[in-house]
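Okay, target-v4.txt now, which holds compact mmCIF, N, CA and C atoms:
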```txt
# COMPACT_ATOMS: atom_id res chain seq x y z
N VAL N 407 0.85 -1.17 0.00
CA VAL N 407 0.00 0.00 0.00
C VAL N 407 0.89 1.23 0.00
N GLY N 408 0.50 2.23 -0.79
CA GLY N 408 1.28 3.45 -0.85
C GLY N 408 0.41 4.68 -0.89
N LEU N 409 0.95 5.79 -0.43
CA LEU N 409 0.32 7.10 -0.52
C LEU N 409 1.21 7.96 -1.41
N GLY N 410 0.60 8.62 -2.41
CA GLY N 410 1.47 9.36 -3.29
C GLY N 410 0.76 10.31 -4.24
N LEU N 411 1.58 10.85 -5.14
CA LEU N 411 1.15 11.77 -6.18
C LEU N 411 1.44 11.15 -7.53
N GLY N 412 0.54 11.31 -8.48
CA GLY N 412 0.77 10.83 -9.84
C GLY N 412 -0.36 9.97 -10.35
N ILE N 413 -0.23 9.55 -11.59
CA ILE N 413 -1.27 8.75 -12.26
C ILE N 413 -1.63 7.49 -11.48
N PRO N 414 -0.67 6.70 -10.97
CA PRO N 414 -1.04 5.48 -10.24
C PRO N 414 -1.83 5.74 -8.97
N TYR N 415 -1.78 6.97 -8.47
CA TYR N 415 -2.44 7.32 -7.21
C TYR N 415 -3.66 8.23 -7.43
N GLY N 416 -4.18 8.27 -8.65
CA GLY N 416 -5.33 9.13 -8.95
C GLY N 416 -5.02 10.58 -8.71
N LEU N 417 -3.84 11.01 -9.03
CA LEU N 417 -3.24 12.32 -8.82
C LEU N 417 -2.77 12.47 -7.37
N LEU N 418 -3.67 12.35 -6.39
CA LEU N 418 -3.30 12.39 -4.98
C LEU N 418 -4.15 11.35 -4.27
N GLY N 419 -3.53 10.24 -3.86
CA GLY N 419 -4.33 9.20 -3.25
C GLY N 419 -3.54 7.98 -2.82
N VAL N 420 -4.20 6.83 -2.90
CA VAL N 420 -3.62 5.56 -2.46
C VAL N 420 -3.51 4.58 -3.62
N ASN N 421 -2.59 3.64 -3.49
CA ASN N 421 -2.39 2.60 -4.49
C ASN N 421 -2.04 1.31 -3.77
N VAL N 422 -2.64 0.22 -4.20
CA VAL N 422 -2.37 -1.10 -3.63
C VAL N 422 -1.78 -1.97 -4.72
N GLU N 423 -0.65 -2.60 -4.42
CA GLU N 423 0.03 -3.45 -5.40
C GLU N 423 -0.08 -4.90 -4.98
N PHE N 424 -0.39 -5.78 -5.95
CA PHE N 424 -0.56 -7.21 -5.71
C PHE N 424 0.48 -7.98 -6.50
N PRO N 425 1.51 -8.53 -5.82
CA PRO N 425 2.50 -9.32 -6.56
C PRO N 425 1.88 -10.63 -7.03
N SER N 426 2.14 -11.02 -8.28
CA SER N 426 1.57 -12.26 -8.79
C SER N 426 2.65 -13.22 -9.27
N ALA N 427 3.85 -12.77 -9.45
CA ALA N 427 4.97 -13.63 -9.84
C ALA N 427 6.24 -13.01 -9.29
N ASN N 428 7.37 -13.61 -9.55
CA ASN N 428 8.64 -13.13 -9.00
C ASN N 428 8.88 -11.66 -9.30
N ALA N 429 8.70 -11.22 -10.52
CA ALA N 429 8.99 -9.83 -10.89
C ALA N 429 7.76 -9.08 -11.38
N PHE N 430 6.62 -9.74 -11.51
CA PHE N 430 5.41 -9.15 -12.08
C PHE N 430 4.41 -8.83 -10.97
N SER N 431 3.74 -7.68 -11.09
CA SER N 431 2.68 -7.33 -10.15
C SER N 431 1.63 -6.48 -10.86
N ILE N 432 0.45 -6.40 -10.25
CA ILE N 432 -0.61 -5.54 -10.74
C ILE N 432 -0.99 -4.59 -9.60
N SER N 433 -1.60 -3.47 -9.96
CA SER N 433 -1.96 -2.50 -8.93
C SER N 433 -3.28 -1.82 -9.26
N ALA N 434 -3.86 -1.22 -8.24
CA ALA N 434 -5.07 -0.41 -8.39
C ALA N 434 -4.94 0.78 -7.46
N GLY N 435 -5.33 1.94 -7.96
CA GLY N 435 -5.23 3.15 -7.15
C GLY N 435 -6.44 4.03 -7.32
N ALA N 436 -6.67 4.89 -6.34
CA ALA N 436 -7.77 5.84 -6.39
C ALA N 436 -7.35 7.09 -5.65
N GLY N 437 -7.88 8.21 -6.10
CA GLY N 437 -7.53 9.45 -5.43
C GLY N 437 -8.37 10.62 -5.87
N VAL N 438 -7.97 11.77 -5.42
CA VAL N 438 -8.65 13.02 -5.71
C VAL N 438 -7.94 13.67 -6.89
N CYS N 439 -8.70 14.01 -7.91
CA CYS N 439 -8.12 14.66 -9.08
C CYS N 439 -8.79 16.03 -9.24
N PHE N 440 -8.68 16.63 -10.40
CA PHE N 440 -9.19 17.99 -10.61
C PHE N 440 -10.71 18.07 -10.58
N ALA N 441 -11.38 17.31 -11.44
CA ALA N 441 -12.81 17.47 -11.62
C ALA N 441 -13.64 16.42 -10.89
N LYS N 442 -13.11 15.23 -10.74
CA LYS N 442 -13.84 14.15 -10.10
C LYS N 442 -12.82 13.12 -9.62
N PRO N 443 -13.25 12.14 -8.83
CA PRO N 443 -12.31 11.12 -8.37
C PRO N 443 -11.64 10.40 -9.56
N ALA N 444 -10.41 9.99 -9.35
CA ALA N 444 -9.66 9.31 -10.41
C ALA N 444 -9.28 7.92 -9.94
N ILE N 445 -9.27 6.98 -10.90
CA ILE N 445 -8.84 5.62 -10.61
C ILE N 445 -7.77 5.23 -11.63
N ALA N 446 -6.96 4.26 -11.25
CA ALA N 446 -5.92 3.77 -12.15
C ALA N 446 -5.68 2.29 -11.86
N VAL N 447 -5.40 1.54 -12.92
CA VAL N 447 -4.97 0.15 -12.78
C VAL N 447 -3.65 0.02 -13.53
N GLY N 448 -2.78 -0.86 -13.04
CA GLY N 448 -1.46 -0.95 -13.65
C GLY N 448 -0.87 -2.34 -13.61
N ALA N 449 0.16 -2.52 -14.42
CA ALA N 449 0.95 -3.76 -14.46
C ALA N 449 2.42 -3.35 -14.39
N HIS N 450 3.23 -4.13 -13.67
CA HIS N 450 4.61 -3.75 -13.41
C HIS N 450 5.56 -4.93 -13.53
N LEU N 451 6.75 -4.65 -14.01
CA LEU N 451 7.88 -5.57 -13.96
C LEU N 451 8.94 -4.89 -13.11
N THR N 452 9.28 -5.50 -11.99
CA THR N 452 10.25 -4.92 -11.07
C THR N 452 11.44 -5.85 -10.95
N ALA N 453 12.63 -5.30 -11.09
CA ALA N 453 13.86 -6.10 -10.99
C ALA N 453 14.04 -6.58 -9.55
N PRO N 454 14.62 -7.78 -9.40
CA PRO N 454 14.93 -8.23 -8.04
C PRO N 454 15.98 -7.31 -7.41
N GLU N 455 16.12 -7.38 -6.11
CA GLU N 455 17.09 -6.53 -5.42
C GLU N 455 18.49 -6.90 -5.85
N SER N 456 18.98 -6.17 -6.84
CA SER N 456 20.31 -6.47 -7.37
C SER N 456 21.28 -5.31 -7.22
N VAL N 457 20.75 -4.12 -7.00
CA VAL N 457 21.60 -2.94 -6.86
C VAL N 457 21.31 -2.34 -5.48
N GLY N 458 21.68 -3.04 -4.44
CA GLY N 458 21.36 -2.57 -3.09
C GLY N 458 19.87 -2.58 -2.88
N ALA N 459 19.34 -1.50 -2.33
CA ALA N 459 17.91 -1.41 -2.10
C ALA N 459 17.16 -0.83 -3.29
N LEU N 460 17.89 -0.39 -4.31
CA LEU N 460 17.29 0.22 -5.50
C LEU N 460 16.80 -0.87 -6.44
N ARG N 461 15.49 -0.86 -6.74
CA ARG N 461 14.89 -1.85 -7.63
C ARG N 461 14.26 -1.15 -8.83
N PRO N 462 14.91 -1.19 -10.01
CA PRO N 462 14.31 -0.59 -11.21
C PRO N 462 13.00 -1.27 -11.57
N ARG N 463 12.11 -0.51 -12.19
CA ARG N 463 10.83 -1.09 -12.61
C ARG N 463 10.33 -0.43 -13.88
N MET N 464 9.48 -1.16 -14.59
CA MET N 464 8.81 -0.69 -15.79
C MET N 464 7.32 -0.87 -15.55
N SER N 465 6.51 0.14 -15.88
CA SER N 465 5.09 0.10 -15.56
C SER N 465 4.23 0.54 -16.73
N PHE N 466 3.00 0.05 -16.73
CA PHE N 466 1.97 0.45 -17.69
C PHE N 466 0.69 0.69 -16.89
N TYR N 467 0.01 1.82 -17.14
CA TYR N 467 -1.20 2.16 -16.41
C TYR N 467 -2.32 2.55 -17.37
N TYR N 468 -3.56 2.34 -16.91
CA TYR N 468 -4.74 2.93 -17.53
C TYR N 468 -5.42 3.73 -16.43
N SER N 469 -5.83 4.97 -16.75
CA SER N 469 -6.48 5.82 -15.76
C SER N 469 -7.57 6.65 -16.43
N ASN N 470 -8.56 7.03 -15.64
CA ASN N 470 -9.60 7.92 -16.16
C ASN N 470 -9.18 9.39 -16.05
N ALA N 471 -7.93 9.64 -15.64
CA ALA N 471 -7.46 11.02 -15.47
C ALA N 471 -5.99 11.17 -15.88
N VAL N 472 -5.69 10.83 -17.12
CA VAL N 472 -4.31 10.97 -17.62
C VAL N 472 -4.05 12.42 -18.01
N ALA N 473 -5.08 13.13 -18.42
CA ALA N 473 -4.92 14.52 -18.84
C ALA N 473 -6.13 15.33 -18.36
N ALA N 474 -5.94 16.63 -18.25
CA ALA N 474 -7.03 17.52 -17.86
C ALA N 474 -6.93 18.80 -18.67
N LEU N 475 -8.07 19.43 -18.85
CA LEU N 475 -8.14 20.67 -19.63
C LEU N 475 -9.11 21.61 -18.94
N GLU N 476 -8.67 22.83 -18.67
CA GLU N 476 -9.54 23.84 -18.06
C GLU N 476 -10.18 24.65 -19.17
N ILE N 477 -11.50 24.69 -19.15
CA ILE N 477 -12.26 25.40 -20.18
C ILE N 477 -13.02 26.54 -19.49
N CYS N 478 -12.79 27.76 -19.96
CA CYS N 478 -13.42 28.93 -19.36
C CYS N 478 -14.27 29.66 -20.39
N GLU N 479 -15.42 30.12 -19.95
CA GLU N 479 -16.28 30.95 -20.78
C GLU N 479 -16.25 32.35 -20.19
N PHE N 480 -15.83 33.31 -20.98
CA PHE N 480 -15.71 34.68 -20.51
C PHE N 480 -16.95 35.48 -20.90
N SER N 481 -17.34 36.38 -20.01
CA SER N 481 -18.50 37.23 -20.25
C SER N 481 -18.22 38.62 -19.67
N PHE N 482 -18.65 39.65 -20.39
CA PHE N 482 -18.51 41.02 -19.88
C PHE N 482 -19.60 41.33 -18.85
N TYR N 483 -20.67 40.56 -18.84
CA TYR N 483 -21.83 40.86 -18.00
C TYR N 483 -21.89 40.06 -16.71
N SER N 484 -21.12 39.01 -16.61
CA SER N 484 -21.14 38.20 -15.38
C SER N 484 -19.76 37.59 -15.16
N ASP N 485 -19.59 36.93 -14.04
CA ASP N 485 -18.31 36.29 -13.75
C ASP N 485 -18.02 35.19 -14.77
N SER N 486 -16.76 35.04 -15.07
CA SER N 486 -16.36 33.98 -15.98
C SER N 486 -16.53 32.63 -15.30
N GLU N 487 -16.94 31.65 -16.07
CA GLU N 487 -17.13 30.31 -15.53
C GLU N 487 -16.11 29.38 -16.14
N CYS N 488 -15.45 28.60 -15.27
CA CYS N 488 -14.46 27.64 -15.73
C CYS N 488 -14.81 26.25 -15.21
N GLU N 489 -14.51 25.28 -16.02
CA GLU N 489 -14.68 23.90 -15.59
C GLU N 489 -13.48 23.10 -16.07
N ILE N 490 -13.16 22.06 -15.32
CA ILE N 490 -12.02 21.21 -15.67
C ILE N 490 -12.56 19.87 -16.16
N GLU N 491 -12.11 19.47 -17.33
CA GLU N 491 -12.48 18.18 -17.89
C GLU N 491 -11.29 17.23 -17.75
N GLN N 492 -11.55 16.01 -17.30
CA GLN N 492 -10.53 14.96 -17.20
C GLN N 492 -10.69 14.01 -18.37
N PHE N 493 -9.57 13.41 -18.80
CA PHE N 493 -9.60 12.52 -19.94
C PHE N 493 -8.89 11.21 -19.62
N PRO N 494 -9.48 10.10 -20.06
CA PRO N 494 -8.85 8.79 -19.82
C PRO N 494 -7.69 8.56 -20.78
N GLY N 495 -6.83 7.61 -20.42
CA GLY N 495 -5.73 7.27 -21.30
C GLY N 495 -4.77 6.29 -20.63
N THR N 496 -3.64 6.12 -21.26
CA THR N 496 -2.64 5.18 -20.78
C THR N 496 -1.33 5.92 -20.48
N ALA N 497 -0.51 5.26 -19.68
CA ALA N 497 0.81 5.81 -19.36
C ALA N 497 1.79 4.64 -19.25
N PHE N 498 2.99 4.86 -19.78
CA PHE N 498 4.04 3.85 -19.76
C PHE N 498 5.32 4.52 -19.29
N GLY N 499 6.08 3.83 -18.43
CA GLY N 499 7.29 4.49 -17.99
C GLY N 499 8.22 3.62 -17.18
N PHE N 500 9.26 4.27 -16.70
CA PHE N 500 10.31 3.60 -15.95
C PHE N 500 10.54 4.35 -14.65
N GLY N 501 11.01 3.63 -13.66
CA GLY N 501 11.30 4.25 -12.38
C GLY N 501 12.01 3.27 -11.48
N PHE N 502 11.83 3.48 -10.18
CA PHE N 502 12.45 2.57 -9.24
C PHE N 502 11.69 2.59 -7.92
N VAL N 503 11.91 1.53 -7.16
CA VAL N 503 11.43 1.43 -5.80
C VAL N 503 12.69 1.33 -4.95
N ALA N 504 12.82 2.18 -3.94
CA ALA N 504 13.98 2.18 -3.06
C ALA N 504 13.48 2.23 -1.63
N ASN N 505 13.73 1.16 -0.88
CA ASN N 505 13.20 1.04 0.47
C ASN N 505 11.70 1.25 0.43
N HIS N 506 11.18 2.33 0.98
CA HIS N 506 9.74 2.56 0.97
C HIS N 506 9.32 3.60 -0.06
N PHE N 507 10.25 4.08 -0.87
CA PHE N 507 9.93 5.15 -1.79
C PHE N 507 9.73 4.63 -3.21
N HIS N 508 8.82 5.27 -3.93
CA HIS N 508 8.45 4.89 -5.29
C HIS N 508 8.56 6.14 -6.17
N PHE N 509 9.32 6.04 -7.25
CA PHE N 509 9.51 7.14 -8.19
C PHE N 509 9.38 6.59 -9.60
N GLU N 510 8.61 7.28 -10.46
CA GLU N 510 8.49 6.88 -11.86
C GLU N 510 8.37 8.12 -12.74
N LEU N 511 8.89 8.00 -13.93
CA LEU N 511 8.70 8.98 -14.99
C LEU N 511 7.85 8.30 -16.05
N LEU N 512 6.65 8.83 -16.28
CA LEU N 512 5.68 8.20 -17.17
C LEU N 512 5.44 9.06 -18.40
N PHE N 513 5.19 8.40 -19.51
CA PHE N 513 4.82 9.05 -20.77
C PHE N 513 3.36 8.73 -21.02
N ALA N 514 2.53 9.75 -20.96
CA ALA N 514 1.08 9.57 -21.02
C ALA N 514 0.54 9.83 -22.42
N ASN N 515 -0.58 9.18 -22.72
CA ASN N 515 -1.24 9.35 -24.01
C ASN N 515 -2.75 9.32 -23.79
N SER N 516 -3.44 10.33 -24.29
CA SER N 516 -4.89 10.39 -24.17
C SER N 516 -5.49 10.84 -25.49
N PRO N 517 -5.95 9.90 -26.32
CA PRO N 517 -6.61 10.28 -27.57
C PRO N 517 -7.85 11.15 -27.34
N ALA N 518 -8.58 10.92 -26.24
CA ALA N 518 -9.77 11.72 -25.95
C ALA N 518 -9.39 13.18 -25.69
N PHE N 519 -8.26 13.41 -25.02
CA PHE N 519 -7.77 14.77 -24.79
C PHE N 519 -7.45 15.44 -26.12
N GLU N 520 -6.74 14.76 -26.99
CA GLU N 520 -6.37 15.33 -28.30
C GLU N 520 -7.61 15.63 -29.12
N ASP N 521 -8.62 14.75 -29.09
CA ASP N 521 -9.87 14.99 -29.83
C ASP N 521 -10.58 16.24 -29.32
N ARG N 522 -10.65 16.39 -27.99
CA ARG N 522 -11.32 17.55 -27.40
C ARG N 522 -10.55 18.83 -27.71
N LYS N 523 -9.23 18.76 -27.63
CA LYS N 523 -8.38 19.91 -27.95
C LYS N 523 -8.61 20.34 -29.40
N ASN N 524 -8.64 19.39 -30.33
CA ASN N 524 -8.87 19.70 -31.75
C ASN N 524 -10.26 20.30 -31.96
N GLU N 525 -11.25 19.77 -31.23
CA GLU N 525 -12.61 20.29 -31.33
C GLU N 525 -12.67 21.76 -30.89
N LEU N 526 -12.01 22.07 -29.79
CA LEU N 526 -11.99 23.45 -29.29
C LEU N 526 -11.25 24.39 -30.25
N GLU N 527 -10.16 23.91 -30.83
CA GLU N 527 -9.42 24.72 -31.79
C GLU N 527 -10.25 25.01 -33.03
N GLU N 528 -11.02 24.01 -33.49
CA GLU N 528 -11.89 24.21 -34.66
C GLU N 528 -13.02 25.18 -34.36
N ASP N 529 -13.43 25.24 -33.06
CA ASP N 529 -14.50 26.16 -32.66
C ASP N 529 -13.99 27.57 -32.40
N GLY N 530 -12.69 27.81 -32.67
CA GLY N 530 -12.16 29.16 -32.54
C GLY N 530 -11.41 29.46 -31.26
N ALA N 531 -11.01 28.46 -30.52
CA ALA N 531 -10.29 28.71 -29.26
C ALA N 531 -8.83 29.07 -29.48
N GLY N 532 -8.38 29.06 -30.71
CA GLY N 532 -6.96 29.30 -30.97
C GLY N 532 -6.18 28.01 -30.79
N GLU N 533 -4.87 28.10 -30.93
CA GLU N 533 -4.05 26.90 -30.80
C GLU N 533 -3.79 26.61 -29.33
N LEU N 534 -4.15 25.40 -28.90
CA LEU N 534 -3.94 24.98 -27.51
C LEU N 534 -2.71 24.09 -27.43
N GLU N 535 -1.94 24.26 -26.38
CA GLU N 535 -0.74 23.44 -26.22
C GLU N 535 -1.09 22.09 -25.60
N SER N 536 -0.40 21.04 -26.04
CA SER N 536 -0.55 19.72 -25.44
C SER N 536 0.54 19.55 -24.39
N GLU N 537 0.11 19.51 -23.15
CA GLU N 537 1.07 19.34 -22.07
C GLU N 537 0.76 18.07 -21.28
N ASN N 538 0.26 17.05 -21.95
CA ASN N 538 -0.15 15.85 -21.24
C ASN N 538 0.79 14.67 -21.52
N ASN N 539 2.03 14.93 -21.86
CA ASN N 539 2.89 13.82 -22.28
C ASN N 539 3.73 13.22 -21.18
N ILE N 540 4.20 13.99 -20.22
CA ILE N 540 5.11 13.47 -19.20
C ILE N 540 4.48 13.66 -17.83
N ALA N 541 4.53 12.60 -17.04
CA ALA N 541 3.98 12.64 -15.68
C ALA N 541 4.99 12.05 -14.71
N LEU N 542 5.03 12.59 -13.53
CA LEU N 542 5.95 12.16 -12.50
C LEU N 542 5.15 11.50 -11.39
N THR N 543 5.68 10.42 -10.83
CA THR N 543 5.07 9.74 -9.70
C THR N 543 6.04 9.76 -8.53
N LEU N 544 5.56 10.21 -7.38
CA LEU N 544 6.32 10.19 -6.14
C LEU N 544 5.42 9.63 -5.05
N ALA N 545 5.94 8.65 -4.29
CA ALA N 545 5.10 8.03 -3.26
C ALA N 545 5.92 7.41 -2.14
N TYR N 546 5.23 7.18 -1.05
CA TYR N 546 5.78 6.42 0.07
C TYR N 546 4.96 5.15 0.20
N ARG N 547 5.63 4.01 0.18
CA ARG N 547 4.95 2.71 0.26
C ARG N 547 5.22 2.08 1.62
N PHE N 548 4.16 1.58 2.22
CA PHE N 548 4.27 0.92 3.53
C PHE N 548 4.61 -0.54 3.41
```

structure tokens encoding of this file:
Amino acid sequence: VGLGLGIPYGLLGVNVEFPSANAFSISAGAGVCFAKPAIAVGAHLTAPESVGALRPRMSFYYSNAVAALEICEFSFYSDSECEIEQFPGTAFGFGFVANHFHFELLFANSPAFEDRKNELEEDGAGELESENNIALTLAYRF
């Protein structure tokens, strides 16, 4: 069980890992994200303890909150209204587990985010930047 930040932890939350073989494990996490609760499921290959306490790992995740986009409607007559939309997708990356700490650098992909971004650009929102490619995971595991 771990508490952390990042895609495996639903942005800010908990993650439980279930070892199923010598180096293979699966995980499930849930947490608080921007617009609504986020969940994530993952699969991992973790190297045996070969470099002291440092154990490299490779991970793949699916989450309902890989990317987010803030959409604001401006008005001269009333307060501007903004809402945050979350988008599902996958993330793949490398990291390590050291003692009780978990660190990963993930490369995220969300086709739904790209579709929504393109839709907004076609509706006249101008060119929007895609900043949903790299995600960092930091956690403490019990």

Please identify every residue of segment 484-528 of chain N that has at least one atom no farther than 7 Å from an atom of segment 441-453 of chain N, counting all atoms listed in the file, and for each give the shortest atom pair and the distance in Å to one decimal, arranged by chain then increasing number, as CSV.
```
residue,atom,partner,partner_atom,distance
N:Ile490,C,N:Ala441,CA,5.1
N:Glu491,N,N:Ala441,CA,6.1
N:Gln492,N,N:Ala441,CA,6.0
```

Next on the checklist: Residues within 8 Å of Ile477 of chain N, please, as a list in words. Count all atoms listed in the file; anything in the same chain fewer than 3 positions from it doesn't count.
Outcome noted: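 My list of contacting residues is Ala474, Phe480, Glu487, Cys488, Glu489, Ile490 and Glu491 of chain N.
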
Checklist entry - Which residues in chain N does DSSP call alpha helix (DSSP H)? List them as a count of residues only. => result 10

Checklist outcome for this item: Among N:Leu409, N:Val438, N:Ala541, N:Met464, Phe500 of chain N is approached most closely, using only N, CA and C atoms, by N:Met464

Checklist entry - DSSP on the backbone: what in chain N comes out strand (DSSP E), as a VMD selection string? => result chain N and resid 408 to 412 417 to 425 430 to 438 443 to 452 460 to 479 487 to 504 507 to 515 540 to 547

Checklist outcome for this item: Here atom CA of Glu527 of chain N and atom CA of Tyr483 of chain N stand apart by 24.6 Å

Next on the checklist: Rounded to one decimal, what separation in Å do you get between atom CA of Gly419 of chain N and atom C of Pro454 of chain N?
Outcome noted: 26.5 Å

Checklist entry - Could you state the separation of atom C of Asn421 of chain N and atom N of Pro517 of chain N in Å, given to one decimal place? => result 24.4 Å

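Residue nearest Ala434 of chain N within the list N:Leu417, N:Val407, N:Leu460, N:Leu512: N:Val407 [criterion: smallest interatomic distance, only C-alpha atoms].
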
Checklist entry - Smallest atom-to-atom distance to Gly416 of chain N: which of N:Phe519, N:Asn428, N:Arg461, N:Thr543, using only C-alpha atoms? => result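 Of the candidates, the smallest distance to Gly416 of chain N is held by N:Thr543.
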
Item to check | Local residues around (10.2, 5.3, -10.6), at most 6.5 Å away, using all atoms listed in the file, as a list in words | outcome: Arg463, Phe500, Gly501, Phe502, Val503, His508, Phe509, Glu510, Leu511 and Thr543 of chain N

Next on the checklist: Need to verify the contact set: Asn539 of chain N, 6 Å, only N, CA and C atoms, exclusion of same-chain residues closer than 3 positions in sequence. Can you return it as a PyMOL selection string?
Outcome noted: chain N and resi 512-515+536

Next on the checklist: Measuring between all atoms listed in the file, which one of N:Glu423, N:Ile413, N:Ala471, N:Ile540 shows the shortest distance to Phe440 of chain N?
Outcome noted: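 Smallest separation from Phe440 of chain N among the options: N:Ala471.
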
Next on the checklist: Need to verify the contact set: Gly408 of chain N, 5 Å, all atoms listed in the file, exclusion of same-chain residues closer than 4 positions in sequence. Can you return it as a list in words?
Outcome noted: Val420, Asn421, Tyr546, Arg547 and Phe548 of chain N

Next on the checklist: When you count only C-alpha atoms, which of these residues is closest to Ser516 of chain N: N:Cys478, N:Val472, N:Ile432, N:Ala459?
Outcome noted: N:Val472

Item to check | Contacts of Ala518 of chain N at 8 Å (only N, CA and C atoms; same-chain gap of 2+ positions) as a list in words | outcome: Gln492, Phe493, Pro494, Gly495, Asn515, Ser516, Glu520, Asp521, Arg522, Lys523 and Asn524 of chain N
